[in-house]
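Okay, run.csv now, which holds CSV, C-alpha atoms and all ligand atoms:
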```
chain,number,residue,atom,x,y,z
A,1,MET,CA,97.6,87.3,114.1
A,2,THR,CA,95.5,90.3,115.1
A,3,THR,CA,94.5,93.2,112.9
A,4,ALA,CA,92.5,96.2,114.0
A,5,TYR,CA,90.6,98.5,111.6
A,6,LEU,CA,89.9,102.1,112.8
A,7,ALA,CA,86.7,103.3,111.2
A,8,ALA,CA,86.8,106.6,109.5
A,9,GLN,CA,84.9,109.1,111.7
A,10,GLY,CA,81.2,108.4,111.4
A,11,PHE,CA,81.7,105.4,109.2
A,12,LEU,CA,81.7,102.4,111.5
A,13,ASP,CA,78.7,100.8,109.8
A,14,PRO,CA,80.1,100.8,106.3
A,15,LEU,CA,83.4,99.5,107.6
A,16,GLN,CA,81.7,96.6,109.4
A,17,GLU,CA,79.7,95.8,106.3
A,18,GLU,CA,82.8,95.9,104.2
A,19,LEU,CA,84.6,93.5,106.5
A,20,ARG,CA,81.5,91.2,106.6
A,21,ARG,CA,81.5,91.0,102.8
A,22,ALA,CA,85.3,90.3,102.9
A,23,ARG,CA,84.4,87.4,105.3
A,24,VAL,CA,86.5,88.8,108.1
A,25,THR,CA,85.5,87.4,111.5
A,26,VAL,CA,85.4,90.2,114.1
A,27,SER,CA,86.5,89.3,117.6
A,28,ALA,CA,85.7,92.7,119.3
A,29,VAL,CA,84.7,96.3,118.6
A,30,HIS,CA,86.4,98.9,120.8
A,31,ASP,CA,84.5,102.1,120.1
A,32,HIS,CA,85.5,102.8,116.4
A,33,LEU,CA,88.2,100.1,116.4
A,34,VAL,CA,87.2,96.8,114.9
A,35,ILE,CA,89.4,93.9,115.9
A,36,SER,CA,89.9,90.6,114.2
A,37,ASP,CA,92.2,87.7,114.9
A,38,GLU,CA,92.9,87.3,111.2
A,39,PRO,CA,95.4,88.7,108.7
A,40,ALA,CA,94.6,92.2,107.3
A,41,VAL,CA,92.5,92.7,104.3
A,42,ALA,CA,92.1,95.9,102.3
A,43,ALA,CA,89.4,98.0,103.9
A,44,ALA,CA,88.5,101.3,102.2
A,45,TRP,CA,86.4,102.5,105.2
A,46,ALA,CA,89.2,102.1,107.6
A,47,ALA,CA,91.0,105.4,108.3
A,48,ASN,CA,93.9,103.3,109.6
A,49,ILE,CA,94.6,99.6,109.6
A,50,TRP,CA,96.7,98.3,112.5
A,51,HIS,CA,98.8,95.3,111.4
A,52,ASP,CA,100.1,92.5,113.6
A,53,CYS,CA,98.7,93.9,116.8
A,54,ILE,CA,100.1,92.7,120.1
A,55,GLU,CA,98.2,92.8,123.4
A,56,TRP,CA,99.8,92.9,126.8
A,57,PRO,CA,99.0,93.7,130.4
A,58,VAL,CA,99.7,97.1,131.8
A,59,ALA,CA,101.4,96.8,135.2
A,60,SER,CA,102.0,100.6,135.4
A,61,ILE,CA,102.0,103.7,133.3
A,62,GLY,CA,105.8,103.8,133.2
A,63,SER,CA,106.2,100.2,132.2
A,64,ALA,CA,103.5,100.5,129.4
A,65,ALA,CA,105.3,103.6,128.0
A,66,LYS,CA,108.7,101.8,128.2
A,67,ALA,CA,107.4,98.8,126.4
A,68,LEU,CA,106.1,101.0,123.6
A,69,ARG,CA,109.4,103.0,123.4
A,70,ASP,CA,111.4,99.8,123.3
A,71,ILE,CA,109.5,98.8,120.1
A,72,GLN,CA,109.9,102.1,118.2
A,73,ARG,CA,109.9,105.9,118.6
A,74,ASN,CA,106.6,107.1,117.1
A,75,TRP,CA,103.2,106.2,118.4
A,76,ALA,CA,99.7,107.6,118.0
A,77,MET,CA,97.3,107.1,120.8
A,78,TYR,CA,93.7,106.1,120.2
A,79,ALA,CA,91.8,106.6,123.4
A,80,PRO,CA,88.1,106.7,123.2
A,81,LEU,CA,88.0,105.0,126.6
A,82,HIS,CA,90.3,105.2,129.7
A,83,HIS,CA,91.4,108.5,128.2
A,84,ARG,CA,93.1,110.0,131.3
A,85,ARG,CA,95.2,106.9,131.9
A,86,ALA,CA,96.1,106.6,128.2
A,87,ALA,CA,97.2,110.2,128.2
A,88,LEU,CA,99.6,109.6,131.0
A,89,ILE,CA,101.2,106.9,129.0
A,90,GLN,CA,101.3,109.0,125.8
A,91,GLU,CA,103.0,111.8,127.8
A,92,ARG,CA,105.9,109.5,128.5
A,93,LEU,CA,106.4,108.8,124.8
A,94,PRO,CA,108.4,111.0,122.3
A,95,HIS,CA,106.4,113.8,120.8
A,96,VAL,CA,105.0,113.0,117.3
A,97,SER,CA,104.5,116.2,115.3
A,98,ALA,CA,100.9,116.6,114.0
A,99,LYS,CA,101.6,120.0,112.4
A,100,PRO,CA,99.4,120.9,109.5
A,101,ILE,CA,101.0,120.2,106.2
A,102,VAL,CA,101.9,122.8,103.6
A,103,PHE,CA,100.9,121.4,100.2
A,104,PRO,CA,102.7,120.0,98.2
A,105,ALA,CA,104.6,117.8,100.6
A,106,ASN,CA,105.1,114.1,100.9
A,107,ALA,CA,103.4,112.2,103.7
A,108,PRO,CA,105.8,111.2,106.6
A,109,THR,CA,107.9,108.1,106.0
A,110,ALA,CA,108.9,107.4,109.6
A,111,PRO,CA,107.1,104.3,111.0
A,112,LEU,CA,104.1,105.4,113.1
A,113,GLY,CA,102.5,102.9,115.4
A,114,ALA,CA,99.1,103.0,117.1
A,115,TRP,CA,98.0,101.9,120.5
A,116,THR,CA,94.9,101.9,122.7
A,117,LEU,CA,93.9,100.8,126.2
A,118,LEU,CA,91.3,98.1,125.7
A,119,ALA,CA,90.9,98.2,129.5
A,120,PRO,CA,92.8,100.1,132.2
A,121,ASP,CA,95.2,97.2,132.4
A,122,ARG,CA,95.2,95.9,128.8
A,123,LEU,CA,97.1,97.5,126.0
A,124,LEU,CA,96.7,96.8,122.3
A,125,ALA,CA,99.4,98.1,120.0
A,126,ALA,CA,100.6,97.8,116.4
A,127,ALA,CA,104.0,99.0,115.2
A,128,ALA,CA,102.9,99.1,111.5
A,129,CYS,CA,99.8,100.9,110.3
A,130,SER,CA,98.4,101.7,106.9
A,131,SER,CA,98.2,105.4,107.4
A,132,PRO,CA,101.3,107.7,107.9
A,133,PHE,CA,99.1,110.0,109.9
A,134,PRO,CA,97.9,109.6,113.6
A,135,ASN,CA,94.5,107.8,113.4
A,136,GLY,CA,94.5,108.5,109.7
A,137,GLU,CA,93.9,112.2,110.3
A,138,VAL,CA,95.7,114.9,108.3
A,139,THR,CA,95.3,118.6,108.4
A,140,PHE,CA,96.7,121.3,106.1
A,141,ILE,CA,97.6,124.9,106.2
A,142,GLU,CA,94.5,125.9,104.2
A,143,ASP,CA,94.4,128.2,101.2
A,144,LYS,CA,91.6,130.5,102.2
A,145,THR,CA,91.8,132.8,99.2
A,146,GLY,CA,92.7,130.9,96.1
A,147,PRO,CA,90.3,127.9,95.6
A,148,PRO,CA,86.6,128.7,95.0
A,149,SER,CA,85.5,125.6,97.0
A,150,ARG,CA,86.8,123.4,99.9
A,151,ALA,CA,86.9,120.4,97.6
A,152,TYR,CA,90.6,121.1,97.0
A,153,LEU,CA,91.4,119.7,100.5
A,154,LYS,CA,90.5,116.1,99.5
A,155,LEU,CA,92.6,116.4,96.3
A,156,TRP,CA,95.6,117.7,98.4
A,157,GLU,CA,95.1,114.7,100.7
A,158,ALA,CA,94.9,112.2,97.8
A,159,LEU,CA,98.1,113.6,96.2
A,160,VAL,CA,100.0,113.6,99.6
A,161,ARG,CA,98.9,110.0,100.2
A,162,LEU,CA,100.0,109.0,96.6
A,163,ARG,CA,103.3,110.8,97.2
A,164,ARG,CA,103.1,112.2,93.7
A,165,TRP,CA,101.2,115.0,92.0
A,166,PRO,CA,101.1,116.6,88.5
A,167,GLN,CA,104.3,118.2,87.4
A,168,PRO,CA,104.6,121.5,85.5
A,169,GLY,CA,103.4,121.0,81.9
A,170,GLU,CA,101.7,117.6,82.6
A,171,ARG,CA,98.2,117.3,81.0
A,172,CYS,CA,95.2,116.8,83.3
A,173,VAL,CA,91.5,116.3,82.7
A,174,ASP,CA,89.3,117.4,85.6
A,175,LEU,CA,85.8,116.0,85.2
A,176,GLY,CA,83.0,117.7,87.2
A,177,ALA,CA,85.4,120.7,87.7
A,178,CYS,CA,83.0,123.5,88.7
A,179,PRO,CA,83.4,125.7,90.6
A,180,GLY,CA,87.1,124.9,90.2
A,181,GLY,CA,88.8,123.9,93.5
A,182,TRP,CA,90.6,120.9,91.9
A,183,THR,CA,91.4,122.8,88.7
A,184,TYR,CA,92.9,125.6,90.8
A,185,VAL,CA,95.2,123.1,92.6
A,186,LEU,CA,96.3,121.5,89.3
A,187,ALA,CA,96.9,124.9,87.6
A,188,ARG,CA,98.9,126.1,90.6
A,189,LEU,CA,101.1,123.1,90.3
A,190,GLY,CA,101.8,124.3,86.7
A,191,ALA,CA,99.8,121.5,85.0
A,192,ARG,CA,97.7,122.1,81.9
A,193,VAL,CA,94.0,121.3,82.7
A,194,VAL,CA,91.0,120.5,80.6
A,195,ALA,CA,88.2,121.3,83.0
A,196,VAL,CA,84.9,119.5,82.0
A,197,ASP,CA,81.6,120.6,83.5
A,198,LYS,CA,78.3,121.9,82.1
A,199,ALA,CA,78.5,124.6,84.7
A,200,PRO,CA,81.2,127.3,84.2
A,201,LEU,CA,84.3,127.7,86.3
A,202,ASP,CA,84.8,130.5,88.8
A,203,ALA,CA,86.1,133.3,86.6
A,204,LYS,CA,89.5,133.6,88.5
A,205,VAL,CA,90.2,129.9,88.0
A,206,ALA,CA,89.1,130.0,84.3
A,207,ALA,CA,91.6,132.8,83.7
A,208,MET,CA,94.6,130.8,85.2
A,209,PRO,CA,97.3,129.9,82.7
A,210,GLY,CA,96.9,126.4,81.2
A,211,VAL,CA,93.2,126.1,82.1
A,212,GLU,CA,90.7,125.2,79.3
A,213,TRP,CA,87.0,124.8,80.1
A,214,ARG,CA,84.7,122.5,78.2
A,215,GLY,CA,81.0,122.9,78.8
A,216,GLU,CA,80.2,119.2,78.2
A,217,SER,CA,79.0,116.1,80.0
A,218,ALA,CA,81.9,114.0,81.4
A,219,PHE,CA,80.0,110.9,80.2
A,220,GLY,CA,79.8,112.1,76.6
A,221,LEU,CA,83.5,112.8,76.3
A,222,GLU,CA,85.4,110.4,74.1
A,223,PRO,CA,89.0,109.7,75.5
A,224,GLU,CA,90.2,109.7,71.9
A,225,SER,CA,88.9,113.3,71.4
A,226,ILE,CA,91.2,114.4,74.3
A,227,GLY,CA,94.3,112.3,73.5
A,228,PRO,CA,97.0,111.2,76.0
A,229,VAL,CA,96.7,112.6,79.5
A,230,ASP,CA,99.0,112.3,82.5
A,231,TRP,CA,96.2,112.5,85.0
A,232,LEU,CA,92.4,111.9,84.9
A,233,PHE,CA,90.5,113.5,87.8
A,234,SER,CA,86.8,113.2,88.6
A,235,ASP,CA,84.7,114.7,91.3
A,236,VAL,CA,81.5,114.3,89.3
A,237,ILE,CA,78.4,113.7,91.3
A,238,CYS,CA,77.0,110.4,89.9
A,239,TYR,CA,76.2,106.9,90.9
A,240,PRO,CA,79.3,104.8,91.6
A,241,ALA,CA,78.4,102.3,88.9
A,242,ARG,CA,78.4,105.1,86.3
A,243,LEU,CA,81.8,106.3,87.4
A,244,LEU,CA,83.1,102.8,87.2
A,245,ARG,CA,82.0,102.5,83.6
A,246,LEU,CA,83.6,105.9,82.9
A,247,VAL,CA,86.9,104.8,84.5
A,248,GLU,CA,86.9,101.5,82.6
A,249,ARG,CA,86.4,103.3,79.3
A,250,TRP,CA,89.4,105.7,80.0
A,251,ARG,CA,91.5,102.8,81.3
A,252,ALA,CA,90.7,100.7,78.2
A,253,SER,CA,91.7,103.7,76.0
A,254,GLY,CA,95.3,103.4,77.3
A,255,LEU,CA,95.5,107.1,77.2
A,256,VAL,CA,95.7,107.8,80.9
A,257,LYS,CA,98.7,107.3,83.3
A,258,ASN,CA,97.1,108.3,86.6
A,259,PHE,CA,93.6,108.4,88.0
A,260,VAL,CA,92.2,110.2,91.1
A,261,CYS,CA,88.4,109.9,91.3
A,262,THR,CA,85.8,110.5,94.0
A,263,ILE,CA,83.3,107.7,94.4
A,264,LYS,CA,80.2,109.4,95.8
A,265,PHE,CA,77.4,107.5,97.6
A,266,GLN,CA,73.9,108.8,97.8
A,267,GLY,CA,71.9,107.1,100.6
A,268,GLU,CA,73.1,103.5,100.9
A,269,THR,CA,76.8,102.7,100.4
A,270,ASP,CA,77.2,100.7,97.2
A,271,HIS,CA,79.7,98.2,98.5
A,272,GLU,CA,79.7,96.0,95.4
A,273,THR,CA,80.8,98.8,93.2
A,274,ALA,CA,83.4,100.0,95.7
A,275,ALA,CA,84.8,96.5,95.7
A,276,ALA,CA,84.9,96.5,91.9
A,277,PHE,CA,87.0,99.7,92.0
A,278,ALA,CA,89.3,98.1,94.6
A,279,ALA,CA,89.7,95.0,92.4
A,280,ILE,CA,91.2,97.0,89.5
A,281,PRO,CA,94.9,96.0,89.5
A,282,GLN,CA,97.2,98.4,91.4
A,283,ALA,CA,94.2,100.5,92.5
A,284,GLN,CA,93.9,102.0,96.0
A,285,VAL,CA,90.5,102.9,97.4
A,286,LEU,CA,90.6,105.0,100.5
A,287,HIS,CA,88.3,107.0,102.7
A,288,LEU,CA,90.4,110.1,103.2
A,289,ALA,CA,90.0,112.4,106.2
A,290,HIS,CA,88.5,115.0,103.9
A,291,ASN,CA,86.0,112.6,102.3
A,292,LYS,CA,82.4,112.7,103.3
A,293,HIS,CA,80.2,109.7,102.4
A,294,GLU,CA,82.5,109.0,99.5
A,295,LEU,CA,85.7,107.1,98.8
A,296,THR,CA,88.7,108.1,96.7
A,297,PHE,CA,89.9,105.8,93.9
A,298,MET,CA,93.6,106.2,93.0
A,299,LEU,CA,95.5,104.4,90.3
A,300,CYS,CA,99.0,105.1,89.1
A,301,LEU,CA,100.0,103.1,86.1
A,302,GLU,CA,103.4,104.7,85.9
A,303,THR,CA,105.7,105.1,88.9
A,304,GLY,CA,108.2,107.9,89.7
A,305,SER,CA,107.4,111.6,88.9
B,1,LIG,C1,81.3,118.3,93.9
B,1,LIG,S1,81.2,119.3,92.5
B,1,LIG,C2,82.9,119.3,92.0
B,1,LIG,C3,83.7,120.3,92.8
B,1,LIG,C4,85.0,120.5,92.2
B,1,LIG,N1,85.9,119.3,92.2
B,1,LIG,C5,85.8,121.6,92.9
B,1,LIG,O1,86.9,121.4,93.4
B,1,LIG,O2,85.3,122.8,93.0
B,1,LIG,C6,80.5,118.2,91.3
B,1,LIG,C7,80.4,118.7,89.9
B,1,LIG,O3,80.0,117.7,89.1
B,1,LIG,C8,79.3,118.3,88.0
B,1,LIG,N2,78.6,117.3,87.2
B,1,LIG,C9,77.5,116.6,87.5
B,1,LIG,N3,77.2,115.8,86.4
B,1,LIG,C10,78.1,116.0,85.5
B,1,LIG,C11,78.4,115.5,84.2
B,1,LIG,N4,77.6,114.6,83.6
B,1,LIG,N5,79.5,116.0,83.5
B,1,LIG,C12,80.3,116.9,84.0
B,1,LIG,N6,80.1,117.4,85.2
B,1,LIG,C13,79.0,117.0,86.0
B,1,LIG,C14,78.4,119.3,88.7
B,1,LIG,O4,78.0,120.3,87.7
B,1,LIG,C15,79.3,119.8,89.8
B,1,LIG,O5,79.9,121.0,89.4
```

Would you write out, as structure tokens, the structure that this file holds?
Amino acid sequence: MTTAYLAAQGFLDPLQEELRRARVTVSAVHDHLVISDEPAVAAAWAANIWHDCIEWPVASIGSAAKALRDIQRNWAMYAPLHHRRAALIQERLPHVSAKPIVFPANAPTAPLGAWTLLAPDRLLAAAACSSPFPNGEVTFIEDKTGPPSRAYLKLWEALVRLRRWPQPGERCVDLGACPGGWTYVLARLGARVVAVDKAPLDAKVAAMPGVEWRGESAFGLEPESIGPVDWLFSDVICYPARLLRLVERWRASGLVKNFVCTIKFQGETDHETAAAFAAIPQAQVLHLAHNKHELTFMLCLETGS
């Protein structure tokens, strides 16, 4: 059984270290694609995980395209090498829309495979992948006037990947909220937001209906002083271990239904703490296309919206 892990752009080293720690034996590295002849493991630094890959010889461009089409309709090409030959194959496949998404919208549900040319005459393909987007990349029709920072894009992406988002009237806590990109998104969805940051929010965001700002430290806030919340968000800049303790405190309180938190790394990647986040039952830890040197932790303790 072959699995291929496509590293998030610029994050091949953390992916390889993560796989090494998970005791995955790597059989080959094809540019940013790390290949293993073992079953898939969770890998946060992979933008896309290719499951049950198959490899076959390419006799001709036409036969390669036909072989892919015979498996399923939708395929995303990964062509760091042999690009021109690969493009000739992709041209013979049905078009896959990569139109920017208008938030809020669900991620596509149609199966999307991935393929590459390992050599001009060897093709590696997987019909099932972890990301619903080609090579894990998603773009949005941006909101250039509303949010006061570009951080809103990673929240949009997290909610699209979760396939759920705060509903009108739901109660949210946004830790590390300033200047207010995330709070803006939540308030636009009609949610009520307690925005926590020592720094004040952008005045336009602070004036949105349902927004309450608290000029406190996220770490001093007692869950019981807030009460039940539908969503706990955090984009606080802090060491991952400190965020983990904060998440554990809120989780232990039983007051939170859903978590979306950015795990930020300064300098070295703290793999141990990232693994501790991933070990939380039902948690997902992903490197989103809009993440920098950070991961997004998502946990939904209640399904359906
Ligand atoms: C990356 S910014 C957040 C951006 C925000 N999510 C947005 O969409 O505009 C990180 C924020 O964390 C805040 N922060 C740092 N330490 C904090 C703490 N102990 N408690 C609350 N906020 C904190 C900083 O003041 C900063 O505003």

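Distance check against ligand LIG 1 (chain B) using only C-alpha atoms and all ligand atoms: of A:Ala207, A:Val185, A:Cys178, A:Val260, the minimum falls on A:Cys178.
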
I'd like a table as a Markdown table: residues in chain A with an atom no more than 7 Å from ligand LIG 1 (chain B), each row giving the shortest atom pair and its distance in Å to one decimal, only C-alpha atoms and all ligand atoms counted, sorted by chain and rising residue number.
```
| residue | atom | partner | partner_atom | distance |
| --- | --- | --- | --- | --- |
| A:Pro148 | CA | B:LIG1 | O2 | 6.4 |
| A:Ser149 | CA | B:LIG1 | O2 | 4.9 |
| A:Arg150 | CA | B:LIG1 | O1 | 6.8 |
| A:Ala151 | CA | B:LIG1 | O1 | 4.3 |
| A:Tyr152 | CA | B:LIG1 | O1 | 5.2 |
| A:Leu175 | CA | B:LIG1 | C12 | 5.7 |
| A:Gly176 | CA | B:LIG1 | N6 | 3.5 |
| A:Ala177 | CA | B:LIG1 | C4 | 4.5 |
| A:Cys178 | CA | B:LIG1 | O5 | 4.0 |
| A:Pro179 | CA | B:LIG1 | O2 | 4.2 |
| A:Gly180 | CA | B:LIG1 | O2 | 3.9 |
| A:Gly181 | CA | B:LIG1 | O1 | 3.1 |
| A:Trp182 | CA | B:LIG1 | O1 | 4.0 |
| A:Thr183 | CA | B:LIG1 | O1 | 6.7 |
| A:Val196 | CA | B:LIG1 | C12 | 5.6 |
| A:Asp197 | CA | B:LIG1 | N6 | 3.9 |
| A:Lys198 | CA | B:LIG1 | C12 | 5.7 |
| A:Ala199 | CA | B:LIG1 | O4 | 5.3 |
| A:Glu216 | CA | B:LIG1 | N5 | 6.2 |
| A:Ser217 | CA | B:LIG1 | N5 | 3.5 |
| A:Ala218 | CA | B:LIG1 | N5 | 3.8 |
| A:Phe219 | CA | B:LIG1 | N4 | 5.6 |
| A:Asp235 | CA | B:LIG1 | N1 | 4.8 |
| A:Val236 | CA | B:LIG1 | O3 | 3.7 |
| A:Ile237 | CA | B:LIG1 | O3 | 4.8 |
| A:Cys238 | CA | B:LIG1 | N3 | 6.4 |
```

Could you check how far atom CA of A:Val34 sits from atom CA of A:Tyr5, in Å to one decimal?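 Computed distance, atom CA of A:Val34 to atom CA of A:Tyr5, equals 5.0 Å.
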
Using only C-alpha atoms, can you tell me which of A:Arg73, A:Ala191, A:Ala4, A:Gln9 comes closest to A:Val26? A:Ala4

Please build the interface table for stretch 21-68 of chain A against stretch 115-123 of chain A with a cut-off of 9 Å, listing for each qualifying residue the nearest atom pair and the distance in Å to one decimal; count all atoms listed in the file, order rows by chain and increasing number, and write it as JSON lines.
```
{"residue": "A:His30", "atom": "CA", "partner": "A:Leu118", "partner_atom": "CA", "distance": 7.0}
{"residue": "A:Trp50", "atom": "CA", "partner": "A:Trp115", "partner_atom": "CA", "distance": 8.9}
{"residue": "A:Cys53", "atom": "CA", "partner": "A:Trp115", "partner_atom": "CA", "distance": 8.8}
{"residue": "A:Ile54", "atom": "CA", "partner": "A:Leu123", "partner_atom": "CA", "distance": 8.2}
{"residue": "A:Glu55", "atom": "CA", "partner": "A:Leu123", "partner_atom": "CA", "distance": 5.5}
{"residue": "A:Trp56", "atom": "CA", "partner": "A:Leu123", "partner_atom": "CA", "distance": 5.4}
{"residue": "A:Pro57", "atom": "CA", "partner": "A:Arg122", "partner_atom": "CA", "distance": 4.7}
{"residue": "A:Val58", "atom": "CA", "partner": "A:Asp121", "partner_atom": "CA", "distance": 4.5}
{"residue": "A:Ala59", "atom": "CA", "partner": "A:Asp121", "partner_atom": "CA", "distance": 6.8}
{"residue": "A:Ser60", "atom": "CA", "partner": "A:Asp121", "partner_atom": "CA", "distance": 8.2}
{"residue": "A:Ala64", "atom": "CA", "partner": "A:Leu123", "partner_atom": "CA", "distance": 7.8}
{"residue": "A:Leu68", "atom": "CA", "partner": "A:Trp115", "partner_atom": "CA", "distance": 8.7}
```

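Between atom CA of A:Gly62 and atom CA of A:Ala47 the interatomic distance comes to 29.0 Å.
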
I need the residue nearest A:Leu12 from this list: A:Leu288, A:Ala46, A:Val41, A:Cys129. Use all atoms listed in the file for the distance.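 Looking only at the distances to A:Leu12, the closest residue turns out to be A:Ala46.
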
Would you mind reading off the distance between atom CA of A:Glu157 and atom CA of A:Tyr78, one decimal, in Å?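 Answer for the atom CA of A:Glu157 to atom CA of A:Tyr78 separation: 21.4 Å.
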
Need to verify the contact set: A:Trp231, 8 Å, only C-alpha atoms, exclusion of same-chain residues closer than 2 positions in sequence. Can you return it as a PyMOL selection string? chain A and resi 166+170-173+229+233+256-260

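Comparing the minimum interatomic distances between A:Glu302 and each of A:Arg245, A:Arg164, A:Arg20, A:Lys154, counting all atoms listed in the file, we find that A:Arg164 sits nearest.
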
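By chain and then residue number, the residues within 6 Å of A:Gly113 are Trp75, Ala126, Ala127 and Ala128 of chain A, counting only C-alpha atoms and disregarding those fewer than 3 positions away in sequence.
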
Please write as a ChimeraX atom specification the list of polymer residues whose atoms come within 7 Å of (95.8, 123.0, 81.6), counting only C-alpha atoms and keeping to the coordinates of the file. /A:171-172,187,191-194,210-212

Selected residue of minimal separation from A:Val138 among A:Asn74, A:Thr269, A:Asn106, A:Gln90, counting only C-alpha atoms: A:Asn106

For each of A:Leu244, A:Ala289, A:Val160, A:Ala22, take the minimum atom-to-atom distance to A:Thr109, counting all atoms listed in the file, then give the residue where this is smallest. A:Val160
